[in-house]
$ cat entry-v5.pdb   # PDB, C-alpha atoms
ATOM      1  CA  MET D   1     110.363   5.412 242.328
ATOM      2  CA  VAL D   2     113.802   6.886 241.592
ATOM      3  CA  ALA D   3     114.124   4.761 238.440
ATOM      4  CA  VAL D   4     110.669   5.831 237.257
ATOM      5  CA  ARG D   5     111.484   9.511 237.822
ATOM      6  CA  TYR D   6     114.813   9.148 236.007
ATOM      7  CA  ARG D   7     113.106   7.600 232.974
ATOM      8  CA  LEU D   8     110.526  10.376 232.965
ATOM      9  CA  VAL D   9     113.183  13.105 233.127
ATOM     10  CA  ARG D  10     115.235  11.350 230.437
ATOM     11  CA  ASN D  11     112.188  11.188 228.145
ATOM     12  CA  LEU D  12     111.345  14.845 228.815
ATOM     13  CA  MET D  13     114.894  15.886 227.931
ATOM     14  CA  PHE D  14     114.831  13.770 224.779
ATOM     15  CA  ALA D  15     111.538  15.330 223.678
ATOM     16  CA  ALA D  16     112.912  18.809 224.449
ATOM     17  CA  GLY D  17     115.964  18.057 222.322
ATOM     18  CA  VAL D  18     113.796  17.093 219.360
ATOM     19  CA  LEU D  19     111.448  20.074 219.707
ATOM     20  CA  TYR D  20     114.280  22.565 220.139
ATOM     21  CA  CYS D  21     115.779  21.446 216.842
ATOM     22  CA  SER D  22     114.250  24.159 214.658
ATOM     23  CA  LEU D  23     116.617  22.931 211.946
ATOM     24  CA  LEU D  24     113.928  20.316 211.264
ATOM     25  CA  LEU D  25     111.267  22.997 210.823
ATOM     26  CA  GLU D  26     113.584  24.965 208.565
ATOM     27  CA  ALA D  27     114.198  21.921 206.376
ATOM     28  CA  LEU D  28     110.498  20.973 206.236
ATOM     29  CA  SER D  29     109.655  24.565 205.265
ATOM     30  CA  GLY D  30     112.066  24.467 202.332
ATOM     31  CA  TYR D  31     114.713  26.745 203.865
ATOM     32  CA  PRO D  32     112.767  30.026 203.730
ATOM     33  CA  LEU D  33     115.750  31.999 205.099
ATOM     34  CA  ASP D  34     119.345  32.280 203.928
ATOM     35  CA  VAL D  35     121.108  29.811 206.229
ATOM     36  CA  ARG D  36     124.364  31.781 206.031
ATOM     37  CA  ASN D  37     122.960  35.171 207.022
ATOM     38  CA  SER D  38     120.026  34.496 209.336
ATOM     39  CA  PHE D  39     119.313  33.328 212.862
ATOM     40  CA  LEU D  40     117.044  30.353 213.389
ATOM     41  CA  SER D  41     114.971  32.487 215.749
ATOM     42  CA  GLU D  42     113.848  34.478 212.698
ATOM     43  CA  LEU D  43     111.626  31.516 211.847
ATOM     44  CA  GLY D  44     109.482  32.669 214.759
ATOM     45  CA  ALA D  45     109.205  36.284 213.577
ATOM     46  CA  LEU D  46     105.587  37.379 213.192
ATOM     47  CA  ASP D  47     105.977  38.093 209.459
ATOM     48  CA  GLN D  48     107.129  34.543 208.705
ATOM     49  CA  PRO D  49     104.752  31.695 207.769
ATOM     50  CA  THR D  50     106.704  29.423 210.121
ATOM     51  CA  SER D  51     106.081  31.727 213.109
ATOM     52  CA  ARG D  52     103.387  29.791 214.926
ATOM     53  CA  TYR D  53     105.195  26.476 214.527
ATOM     54  CA  ALA D  54     108.600  27.822 215.623
ATOM     55  CA  ARG D  55     107.091  29.531 218.659
ATOM     56  CA  ALA D  56     105.070  26.449 219.576
ATOM     57  CA  MET D  57     108.231  24.324 219.446
ATOM     58  CA  ASP D  58     110.110  26.767 221.687
ATOM     59  CA  LEU D  59     107.183  26.991 224.091
ATOM     60  CA  ALA D  60     106.963  23.211 224.383
ATOM     61  CA  THR D  61     110.739  22.940 224.808
ATOM     62  CA  GLY D  62     110.701  25.470 227.624
ATOM     63  CA  VAL D  63     107.855  23.728 229.451
ATOM     64  CA  LEU D  64     109.492  20.298 229.141
ATOM     65  CA  LEU D  65     112.839  21.566 230.446
ATOM     66  CA  LEU D  66     111.215  23.333 233.387
ATOM     67  CA  VAL D  67     109.287  20.187 234.314
ATOM     68  CA  ALA D  68     112.471  18.090 233.997
ATOM     69  CA  ALA D  69     114.362  20.517 236.239
ATOM     70  CA  LEU D  70     111.510  20.531 238.770
ATOM     71  CA  LEU D  71     111.452  16.734 238.907
ATOM     72  CA  SER D  72     115.236  16.739 239.411
ATOM     73  CA  ARG D  73     115.270  19.319 242.211
ATOM     74  CA  SER D  74     116.369  16.706 244.769
ATOM     75  CA  ALA D  75     119.595  16.239 242.788
ATOM     76  CA  VAL D  76     120.504  19.884 243.418
ATOM     77  CA  ARG D  77     121.618  18.938 246.938
ATOM     78  CA  LEU D  78     124.127  16.326 245.745
ATOM     79  CA  HIS D  79     127.022  18.414 244.385
ATOM     80  CA  ARG D  80     127.659  21.924 243.109
ATOM     81  CA  ASP D  81     128.125  20.730 239.547
ATOM     82  CA  THR D  82     124.841  18.806 239.715
ATOM     83  CA  ALA D  83     123.082  21.852 241.154
ATOM     84  CA  GLY D  84     124.551  23.997 238.377
ATOM     85  CA  LEU D  85     123.371  21.530 235.749
ATOM     86  CA  TRP D  86     119.724  21.568 236.804
ATOM     87  CA  ILE D  87     119.559  25.261 237.690
ATOM     88  CA  SER D  88     120.995  26.169 234.274
ATOM     89  CA  THR D  89     118.531  23.745 232.670
ATOM     90  CA  ALA D  90     115.713  25.665 234.359
ATOM     91  CA  VAL D  91     117.193  28.999 233.200
ATOM     92  CA  PHE D  92     117.516  27.720 229.642
ATOM     93  CA  GLY D  93     113.962  26.372 229.744
ATOM     94  CA  ALA D  94     112.507  29.617 231.127
ATOM     95  CA  ALA D  95     114.420  31.758 228.604
ATOM     96  CA  THR D  96     113.279  29.555 225.712
ATOM     97  CA  LEU D  97     109.685  29.713 226.949
ATOM     98  CA  PHE D  98     109.724  33.516 227.192
ATOM     99  CA  ASP D  99     111.520  33.678 223.842
ATOM    100  CA  SER D 100     108.452  32.065 222.280
ATOM    101  CA  LEU D 101     106.220  34.666 223.951
ATOM    102  CA  SER D 102     108.278  37.645 222.730
ATOM    103  CA  PRO D 103     108.855  37.039 219.015
ATOM    104  CA  MET D 104     110.394  39.584 216.697
ATOM    105  CA  ASP D 105     107.960  41.556 214.546
ATOM    106  CA  CYS D 106     109.913  40.730 211.403
ATOM    107  CA  ALA D 107     112.901  38.753 210.163
ATOM    108  CA  PRO D 108     115.833  41.118 209.430
ATOM    109  CA  SER D 109     117.491  38.754 206.965
ATOM    110  CA  ALA D 110     114.306  38.546 204.881
ATOM    111  CA  SER D 111     113.316  42.226 204.881
ATOM    112  CA  VAL D 112     115.389  45.297 203.995
ATOM    113  CA  ALA D 113     112.956  47.527 205.895
ATOM    114  CA  CYS D 114     113.189  45.331 208.977
ATOM    115  CA  GLN D 115     116.979  45.302 208.760
ATOM    116  CA  ALA D 116     117.059  49.087 208.489
ATOM    117  CA  ALA D 117     114.726  49.493 211.475
ATOM    118  CA  GLU D 118     116.951  47.209 213.539
ATOM    119  CA  ALA D 119     120.108  49.072 212.506
ATOM    120  CA  ASN D 120     118.535  52.422 213.433
ATOM    121  CA  GLY D 121     117.306  51.158 216.793
ATOM    122  CA  GLN D 122     113.651  51.387 215.748
ATOM    123  CA  ALA D 123     112.807  47.683 216.013
ATOM    124  CA  GLY D 124     110.902  48.193 219.259
ATOM    125  CA  VAL D 125     110.464  46.390 222.550
ATOM    126  CA  ALA D 126     109.899  42.980 220.956
ATOM    127  CA  LEU D 127     113.455  42.820 219.612
ATOM    128  CA  ALA D 128     114.933  43.999 222.929
ATOM    129  CA  LEU D 129     113.026  41.303 224.836
ATOM    130  CA  HIS D 130     114.057  38.709 222.285
ATOM    131  CA  GLU D 131     117.707  39.671 222.649
ATOM    132  CA  VAL D 132     117.495  39.373 226.448
ATOM    133  CA  THR D 133     115.808  35.962 226.399
ATOM    134  CA  SER D 134     118.159  34.675 223.696
ATOM    135  CA  THR D 135     121.174  35.809 225.727
ATOM    136  CA  LEU D 136     119.840  34.043 228.835
ATOM    137  CA  ALA D 137     119.193  30.901 226.801
ATOM    138  CA  GLY D 138     122.751  31.014 225.470
ATOM    139  CA  LEU D 139     124.199  31.443 228.959
ATOM    140  CA  GLY D 140     122.013  28.593 230.162
ATOM    141  CA  THR D 141     123.304  26.206 227.499
ATOM    142  CA  ILE D 142     126.924  27.157 228.181
ATOM    143  CA  THR D 143     126.488  26.557 231.917
ATOM    144  CA  MET D 144     124.641  23.295 231.286
ATOM    145  CA  SER D 145     127.420  21.984 229.076
ATOM    146  CA  VAL D 146     130.210  23.024 231.461
ATOM    147  CA  CYS D 147     128.415  21.442 234.432
ATOM    148  CA  ALA D 148     127.789  18.263 232.436
ATOM    149  CA  VAL D 149     131.515  17.965 231.736
ATOM    150  CA  LEU D 150     132.286  18.558 235.432
ATOM    151  CA  VAL D 151     129.786  15.899 236.516
ATOM    152  CA  LEU D 152     131.256  13.396 234.071
ATOM    153  CA  ARG D 153     134.789  14.257 235.148
ATOM    154  CA  ARG D 154     133.861  13.721 238.792
ATOM    155  CA  ALA D 155     132.412  10.345 237.834
ATOM    156  CA  GLY D 156     135.663   9.313 236.159
ATOM    157  CA  LEU D 157     134.634   9.654 232.477
ATOM    158  CA  GLY D 158     134.448   5.897 232.218
ATOM    159  CA  GLY D 159     133.341   4.302 228.969
ATOM    160  CA  ARG D 160     132.844   5.514 225.430
ATOM    161  CA  CYS D 161     129.373   6.863 226.159
ATOM    162  CA  SER D 162     130.634   9.184 228.893
ATOM    163  CA  LYS D 163     133.574  10.380 226.800
ATOM    164  CA  ALA D 164     131.304  11.042 223.819
ATOM    165  CA  ALA D 165     128.878  12.920 226.064
ATOM    166  CA  ALA D 166     131.710  15.038 227.466
ATOM    167  CA  ALA D 167     132.971  15.836 223.954
ATOM    168  CA  LEU D 168     129.441  16.790 222.880
ATOM    169  CA  ALA D 169     128.944  19.036 225.912
ATOM    170  CA  ALA D 170     132.332  20.664 225.296
ATOM    171  CA  GLY D 171     131.286  21.302 221.695
ATOM    172  CA  VAL D 172     128.140  23.048 222.929
ATOM    173  CA  ALA D 173     130.205  25.288 225.216
ATOM    174  CA  VAL D 174     132.762  26.187 222.533
ATOM    175  CA  THR D 175     130.242  26.970 219.774
ATOM    176  CA  ASN D 176     127.982  29.016 222.062
ATOM    177  CA  VAL D 177     130.888  31.048 223.445
ATOM    178  CA  TRP D 178     132.165  31.596 219.901
ATOM    179  CA  LEU D 179     128.671  32.656 218.804
ATOM    180  CA  GLY D 180     128.345  34.996 221.761
ATOM    181  CA  ILE D 181     131.708  36.619 221.024
ATOM    182  CA  GLU D 182     130.860  37.178 217.354
ATOM    183  CA  THR D 183     127.476  38.763 218.026
ATOM    184  CA  GLY D 184     128.713  40.615 221.113
ATOM    185  CA  LEU D 185     131.561  42.279 219.223
ATOM    186  CA  ASP D 186     129.155  43.568 216.582
ATOM    187  CA  VAL D 187     126.922  45.074 219.274
ATOM    188  CA  LEU D 188     129.784  46.615 221.281
ATOM    189  CA  THR D 189     131.502  48.098 218.251
ATOM    190  CA  GLY D 190     128.260  49.462 216.818
ATOM    191  CA  ASN D 191     128.648  47.517 213.603
ATOM    192  CA  GLU D 192     125.688  46.090 211.741
ATOM    193  CA  LEU D 193     124.842  42.731 213.287
ATOM    194  CA  GLU D 194     125.689  39.971 210.828
ATOM    195  CA  ALA D 195     124.133  36.643 211.664
ATOM    196  CA  PRO D 196     126.712  33.821 211.641
ATOM    197  CA  GLY D 197     124.068  31.466 210.317
ATOM    198  CA  ILE D 198     126.106  28.312 209.844
ATOM    199  CA  LEU D 199     127.781  28.587 213.252
ATOM    200  CA  GLN D 200     124.452  29.177 214.975
ATOM    201  CA  ARG D 201     122.875  26.178 213.304
ATOM    202  CA  ILE D 202     125.806  23.974 214.328
ATOM    203  CA  SER D 203     125.436  25.302 217.865
ATOM    204  CA  VAL D 204     121.691  24.575 217.956
ATOM    205  CA  LEU D 205     122.226  21.084 216.553
ATOM    206  CA  LEU D 206     124.794  20.307 219.263
ATOM    207  CA  VAL D 207     122.433  21.633 221.964
ATOM    208  CA  CYS D 208     119.647  19.406 220.621
ATOM    209  CA  LEU D 209     121.927  16.370 220.673
ATOM    210  CA  MET D 210     123.086  17.209 224.195
ATOM    211  CA  LEU D 211     119.547  17.530 225.499
ATOM    212  CA  ALA D 212     118.475  14.299 223.831
ATOM    213  CA  THR D 213     121.448  12.084 224.638
ATOM    214  CA  VAL D 214     123.631  13.341 227.489
ATOM    215  CA  LEU D 215     121.408  12.313 230.412
ATOM    216  CA  PRO D 216     121.988   8.525 230.104
ATOM    217  CA  ALA D 217     125.738   9.134 230.375
ATOM    218  CA  LEU D 218     125.133  11.196 233.516
ATOM    219  CA  ARG D 219     122.896   8.700 235.290
ATOM    220  CA  GLN D 220     125.563   7.062 237.440
ATOM    221  CA  ALA D 221     127.258  10.362 238.238
ATOM    222  CA  LEU D 222     124.002  12.044 239.243
ATOM    223  CA  SER D 223     123.304   9.308 241.761
ATOM    224  CA  ARG D 224     126.616   9.848 243.614
TER
END
$ encode --input "entry-v5.pdb" --output "structure tokens"
Amino acid sequence: MVAVRYRLVRNLMFAAGVLYCSLLLEALSGYPLDVRNSFLSELGALDQPTSRYARAMDLATGVLLLVAALLSRSAVRLHRDTAGLWISTAVFGAATLFDSLSPMDCAPSASVACQAAEANGQAGVALALHEVTSTLAGLGTITMSVCAVLVLRRAGLGGRCSKAAAALAAGVAVTNVWLGIETGLDVLTGNELEAPGILQRISVLLVCLMLATVLPALRQALSR
């Protein structure tokens, strides 16, 4: 029964990793946004032709992660790092789900009027909700990656797979913190928010890879 549940959770995480990778949607859509000056979440803006697909992918990702966390609730009692891993997975899943339900009205990088409305604080409730859910999702991924490294460290980091998983998780933490600092400084200083497009896409790619591949490396550690 435990083995069956593990395989199910592993498959759910893998599917979530694939669906969360909006880089695939961006490529299939012919790169409708400037990758250097836009956020991937703008693909889900209501004025974009990719909106329904981007939001559907986020919605499915959120549901899959919440189900995976629910199925893994017994592991929360094992260790603090394990509890942190699955609780942060649930937070990330819930934030991603609500992110899909609160899309931006327009994509700032693709519309001068939308960019001006955002700069003047006239973008409305939708943008505020999106910023909150995106922040929670970012915090969830950072916590997930840190807890994954702690779980692997507790298990001894044995083997190439575990070391690669730890390096991947560390990369997720570093890029998300870096991304948060860049965007946070713009908000705190009152400067116009400039999307670090390349950094965000690297961050999302690393999160996708972590979701899809890190669980096998954690299997032995999660059972201790």
$ resolve_selection --input "entry-v5.pdb" --expression "the PyMOL selection byres ((chain D and resi 54) around 10)" --output "PyMOL selection string"
chain D and resi 19-22+25-26+40-45+48-53+55-59+100+103
$ write_last_selection --input "entry-v5.pdb" --atoms "C-alpha atoms" --output "PDB file, keeping the file's coordinate frame"
ATOM      1  CA  LEU D  19     111.448  20.074 219.707  1.00  0.00           C
ATOM      2  CA  TYR D  20     114.280  22.565 220.139  1.00  0.00           C
ATOM      3  CA  CYS D  21     115.779  21.446 216.842  1.00  0.00           C
ATOM      4  CA  SER D  22     114.250  24.159 214.658  1.00  0.00           C
ATOM      5  CA  LEU D  25     111.267  22.997 210.823  1.00  0.00           C
ATOM      6  CA  GLU D  26     113.584  24.965 208.565  1.00  0.00           C
ATOM      7  CA  LEU D  40     117.044  30.353 213.389  1.00  0.00           C
ATOM      8  CA  SER D  41     114.971  32.487 215.749  1.00  0.00           C
ATOM      9  CA  GLU D  42     113.848  34.478 212.698  1.00  0.00           C
ATOM     10  CA  LEU D  43     111.626  31.516 211.847  1.00  0.00           C
ATOM     11  CA  GLY D  44     109.482  32.669 214.759  1.00  0.00           C
ATOM     12  CA  ALA D  45     109.205  36.284 213.577  1.00  0.00           C
ATOM     13  CA  GLN D  48     107.129  34.543 208.705  1.00  0.00           C
ATOM     14  CA  PRO D  49     104.752  31.695 207.769  1.00  0.00           C
ATOM     15  CA  THR D  50     106.704  29.423 210.121  1.00  0.00           C
ATOM     16  CA  SER D  51     106.081  31.727 213.109  1.00  0.00           C
ATOM     17  CA  ARG D  52     103.387  29.791 214.926  1.00  0.00           C
ATOM     18  CA  TYR D  53     105.195  26.476 214.527  1.00  0.00           C
ATOM     19  CA  ARG D  55     107.091  29.531 218.659  1.00  0.00           C
ATOM     20  CA  ALA D  56     105.070  26.449 219.576  1.00  0.00           C
ATOM     21  CA  MET D  57     108.231  24.324 219.446  1.00  0.00           C
ATOM     22  CA  ASP D  58     110.110  26.767 221.687  1.00  0.00           C
ATOM     23  CA  LEU D  59     107.183  26.991 224.091  1.00  0.00           C
ATOM     24  CA  SER D 100     108.452  32.065 222.280  1.00  0.00           C
ATOM     25  CA  PRO D 103     108.855  37.039 219.015  1.00  0.00           C
TER      26      PRO D 103
END
$ resolve_selection --input "entry-v5.pdb" --expression "the PyMOL selection byres ((chain D and resi 135) around 12)" --output "PyMOL selection string"
chain D and resi 91-92+94-96+98-99+128-134+136-142+176-177+179-181+183-184
$ residues_around --input "entry-v5.pdb" --residues "Leu205 of chain D" --least-positions-apart "4" --cutoff "8 Å" --atoms "all atoms listed in the file" --output "list in words"
Cys21, Leu23, Arg201 and Leu209 of chain D
$ write_last_selection --input "entry-v5.pdb" --atoms "C-alpha atoms" --output "PDB file, in the frame of the given file"
ATOM      1  CA  CYS D  21     115.779  21.446 216.842  1.00  0.00           C
ATOM      2  CA  LEU D  23     116.617  22.931 211.946  1.00  0.00           C
ATOM      3  CA  ARG D 201     122.875  26.178 213.304  1.00  0.00           C
ATOM      4  CA  LEU D 209     121.927  16.370 220.673  1.00  0.00           C
TER       5      LEU D 209
END
$ atom_distance --input "entry-v5.pdb" --atom1 "atom CA of Tyr6 of chain D" --atom2 "atom CA of Ser203 of chain D"
26.5 Å
$ resolve_selection --input "entry-v5.pdb" --expression "the PyMOL selection byres ((chain D and resi 70) around 12)" --output "PyMOL selection string"
chain D and resi 5+8-9+12+63-69+71-76+83+86-91+93-94
$ write_last_selection --input "entry-v5.pdb" --atoms "C-alpha atoms" --output "tab-separated table (two decimals), keeping the file's coordinate frame"
chain	number	residue	atom	x	y	z
D	5	ARG	CA	111.48	9.51	237.82
D	8	LEU	CA	110.53	10.38	232.96
D	9	VAL	CA	113.18	13.10	233.13
D	12	LEU	CA	111.34	14.84	228.82
D	63	VAL	CA	107.86	23.73	229.45
D	64	LEU	CA	109.49	20.30	229.14
D	65	LEU	CA	112.84	21.57	230.45
D	66	LEU	CA	111.22	23.33	233.39
D	67	VAL	CA	109.29	20.19	234.31
D	68	ALA	CA	112.47	18.09	234.00
D	69	ALA	CA	114.36	20.52	236.24
D	71	LEU	CA	111.45	16.73	238.91
D	72	SER	CA	115.24	16.74	239.41
D	73	ARG	CA	115.27	19.32	242.21
D	74	SER	CA	116.37	16.71	244.77
D	75	ALA	CA	119.60	16.24	242.79
D	76	VAL	CA	120.50	19.88	243.42
D	83	ALA	CA	123.08	21.85	241.15
D	86	TRP	CA	119.72	21.57	236.80
D	87	ILE	CA	119.56	25.26	237.69
D	88	SER	CA	121.00	26.17	234.27
D	89	THR	CA	118.53	23.74	232.67
D	90	ALA	CA	115.71	25.66	234.36
D	91	VAL	CA	117.19	29.00	233.20
D	93	GLY	CA	113.96	26.37	229.74
D	94	ALA	CA	112.51	29.62	231.13
$ residues_around --input "entry-v5.pdb" --residues "Cys161 of chain D" --least-positions-apart "5" --cutoff "12 Å" --atoms "only C-alpha atoms" --output "number ranges by chain"
D: 152, 166-168, 213-220
$ closest_residue --input "entry-v5.pdb" --among "D:Leu24, D:Leu46, D:Ala155, D:Ala107" --to "Val204 of chain D" --atoms "all atoms listed in the file"
D:Leu24
$ atom_distance --input "entry-v5.pdb" --atom1 "atom CA of Arg154 of chain D" --atom2 "atom CA of Ala173 of chain D"
18.2 Å
$ closest_residue --input "entry-v5.pdb" --among "D:Ala60, D:Arg77, D:Phe39, D:Leu185" --to "Pro108 of chain D" --atoms "all atoms listed in the file"
D:Phe39
$ atom_distance --input "entry-v5.pdb" --atom1 "atom CA of Gln115 of chain D" --atom2 "atom CA of Trp178 of chain D"
23.3 Å
$ residues_around --input "entry-v5.pdb" --residues "Leu33 of chain D" --least-positions-apart "5" --cutoff "8 Å" --atoms "all atoms listed in the file" --output "number ranges by chain"
D: 38, 43, 109-110
$ residues_around --input "entry-v5.pdb" --residues "Asp81 of chain D" --least-positions-apart "6" --cutoff "9 Å" --atoms "all atoms listed in the file" --output "list in words"
Val146, Cys147, Ala148, Val149, Leu150 and Val151 of chain D
$ residues_around --input "entry-v5.pdb" --residues "Leu127 of chain D" --least-positions-apart "5" --cutoff "8 Å" --atoms "all atoms listed in the file" --output "ChimeraX atom specification"
/D:102-105
$ decode --input "entry-v5.pdb" --residues "segment 200-219 of chain D" --atoms "N, CA, C and O atoms" --output "PDB file, in the first residue's frame"
ATOM      1  N   GLN D 200      13.242  34.913 -14.345  1.00  0.00           N
ATOM      2  CA  GLN D 200      12.005  34.249 -13.940  1.00  0.00           C
ATOM      3  C   GLN D 200      11.792  32.954 -14.708  1.00  0.00           C
ATOM      4  O   GLN D 200      11.327  31.965 -14.161  1.00  0.00           O
ATOM      5  N   ARG D 201      12.145  32.935 -15.962  1.00  0.00           N
ATOM      6  CA  ARG D 201      11.968  31.724 -16.750  1.00  0.00           C
ATOM      7  C   ARG D 201      12.940  30.629 -16.303  1.00  0.00           C
ATOM      8  O   ARG D 201      12.592  29.456 -16.294  1.00  0.00           O
ATOM      9  N   ILE D 202      14.154  31.020 -15.936  1.00  0.00           N
ATOM     10  CA  ILE D 202      15.097  30.043 -15.380  1.00  0.00           C
ATOM     11  C   ILE D 202      14.550  29.482 -14.074  1.00  0.00           C
ATOM     12  O   ILE D 202      14.591  28.270 -13.819  1.00  0.00           O
ATOM     13  N   SER D 203      14.005  30.368 -13.247  1.00  0.00           N
ATOM     14  CA  SER D 203      13.434  29.959 -11.968  1.00  0.00           C
ATOM     15  C   SER D 203      12.295  28.976 -12.161  1.00  0.00           C
ATOM     16  O   SER D 203      12.226  27.937 -11.494  1.00  0.00           O
ATOM     17  N   VAL D 204      11.374  29.283 -13.088  1.00  0.00           N
ATOM     18  CA  VAL D 204      10.235  28.401 -13.348  1.00  0.00           C
ATOM     19  C   VAL D 204      10.708  27.054 -13.885  1.00  0.00           C
ATOM     20  O   VAL D 204      10.194  26.002 -13.486  1.00  0.00           O
ATOM     21  N   LEU D 205      11.688  27.074 -14.773  1.00  0.00           N
ATOM     22  CA  LEU D 205      12.214  25.823 -15.319  1.00  0.00           C
ATOM     23  C   LEU D 205      12.792  24.946 -14.208  1.00  0.00           C
ATOM     24  O   LEU D 205      12.548  23.727 -14.164  1.00  0.00           O
ATOM     25  N   LEU D 206      13.543  25.543 -13.292  1.00  0.00           N
ATOM     26  CA  LEU D 206      14.123  24.782 -12.186  1.00  0.00           C
ATOM     27  C   LEU D 206      13.033  24.226 -11.265  1.00  0.00           C
ATOM     28  O   LEU D 206      13.138  23.086 -10.780  1.00  0.00           O
ATOM     29  N   VAL D 207      11.975  25.014 -11.037  1.00  0.00           N
ATOM     30  CA  VAL D 207      10.857  24.522 -10.211  1.00  0.00           C
ATOM     31  C   VAL D 207      10.197  23.324 -10.894  1.00  0.00           C
ATOM     32  O   VAL D 207       9.894  22.313 -10.245  1.00  0.00           O
ATOM     33  N   CYS D 208       9.988  23.425 -12.192  1.00  0.00           N
ATOM     34  CA  CYS D 208       9.383  22.309 -12.941  1.00  0.00           C
ATOM     35  C   CYS D 208      10.226  21.051 -12.825  1.00  0.00           C
ATOM     36  O   CYS D 208       9.701  19.954 -12.603  1.00  0.00           O
ATOM     37  N   LEU D 209      11.540  21.204 -12.984  1.00  0.00           N
ATOM     38  CA  LEU D 209      12.437  20.052 -12.883  1.00  0.00           C
ATOM     39  C   LEU D 209      12.431  19.480 -11.468  1.00  0.00           C
ATOM     40  O   LEU D 209      12.463  18.261 -11.282  1.00  0.00           O
ATOM     41  N   MET D 210      12.366  20.360 -10.465  1.00  0.00           N
ATOM     42  CA  MET D 210      12.330  19.881  -9.087  1.00  0.00           C
ATOM     43  C   MET D 210      11.060  19.086  -8.814  1.00  0.00           C
ATOM     44  O   MET D 210      11.106  17.996  -8.245  1.00  0.00           O
ATOM     45  N   LEU D 211       9.933  19.610  -9.250  1.00  0.00           N
ATOM     46  CA  LEU D 211       8.672  18.910  -9.034  1.00  0.00           C
ATOM     47  C   LEU D 211       8.672  17.551  -9.723  1.00  0.00           C
ATOM     48  O   LEU D 211       8.163  16.566  -9.180  1.00  0.00           O
ATOM     49  N   ALA D 212       9.237  17.505 -10.918  1.00  0.00           N
ATOM     50  CA  ALA D 212       9.169  16.289 -11.727  1.00  0.00           C
ATOM     51  C   ALA D 212      10.193  15.235 -11.342  1.00  0.00           C
ATOM     52  O   ALA D 212       9.980  14.044 -11.591  1.00  0.00           O
ATOM     53  N   THR D 213      11.304  15.647 -10.715  1.00  0.00           N
ATOM     54  CA  THR D 213      12.395  14.682 -10.542  1.00  0.00           C
ATOM     55  C   THR D 213      12.899  14.500  -9.117  1.00  0.00           C
ATOM     56  O   THR D 213      13.599  13.521  -8.837  1.00  0.00           O
ATOM     57  N   VAL D 214      12.597  15.411  -8.197  1.00  0.00           N
ATOM     58  CA  VAL D 214      13.254  15.357  -6.898  1.00  0.00           C
ATOM     59  C   VAL D 214      12.697  14.258  -5.988  1.00  0.00           C
ATOM     60  O   VAL D 214      13.405  13.752  -5.120  1.00  0.00           O
ATOM     61  N   LEU D 215      11.435  13.871  -6.184  1.00  0.00           N
ATOM     62  CA  LEU D 215      10.826  12.909  -5.271  1.00  0.00           C
ATOM     63  C   LEU D 215      11.522  11.549  -5.245  1.00  0.00           C
ATOM     64  O   LEU D 215      11.693  10.967  -4.163  1.00  0.00           O
ATOM     65  N   PRO D 216      11.948  10.975  -6.381  1.00  0.00           N
ATOM     66  CA  PRO D 216      12.665   9.697  -6.310  1.00  0.00           C
ATOM     67  C   PRO D 216      13.913   9.758  -5.431  1.00  0.00           C
ATOM     68  O   PRO D 216      14.228   8.803  -4.720  1.00  0.00           O
ATOM     69  N   ALA D 217      14.615  10.893  -5.471  1.00  0.00           N
ATOM     70  CA  ALA D 217      15.815  11.025  -4.630  1.00  0.00           C
ATOM     71  C   ALA D 217      15.456  11.112  -3.153  1.00  0.00           C
ATOM     72  O   ALA D 217      16.274  10.785  -2.287  1.00  0.00           O
ATOM     73  N   LEU D 218      14.231  11.531  -2.853  1.00  0.00           N
ATOM     74  CA  LEU D 218      13.799  11.691  -1.472  1.00  0.00           C
ATOM     75  C   LEU D 218      13.140  10.439  -0.898  1.00  0.00           C
ATOM     76  O   LEU D 218      12.832  10.407   0.286  1.00  0.00           O
ATOM     77  N   ARG D 219      12.928   9.432  -1.712  1.00  0.00           N
ATOM     78  CA  ARG D 219      12.127   8.294  -1.261  1.00  0.00           C
ATOM     79  C   ARG D 219      12.676   7.648   0.012  1.00  0.00           C
ATOM     80  O   ARG D 219      11.958   7.425   0.985  1.00  0.00           O
TER      81      ARG D 219
END
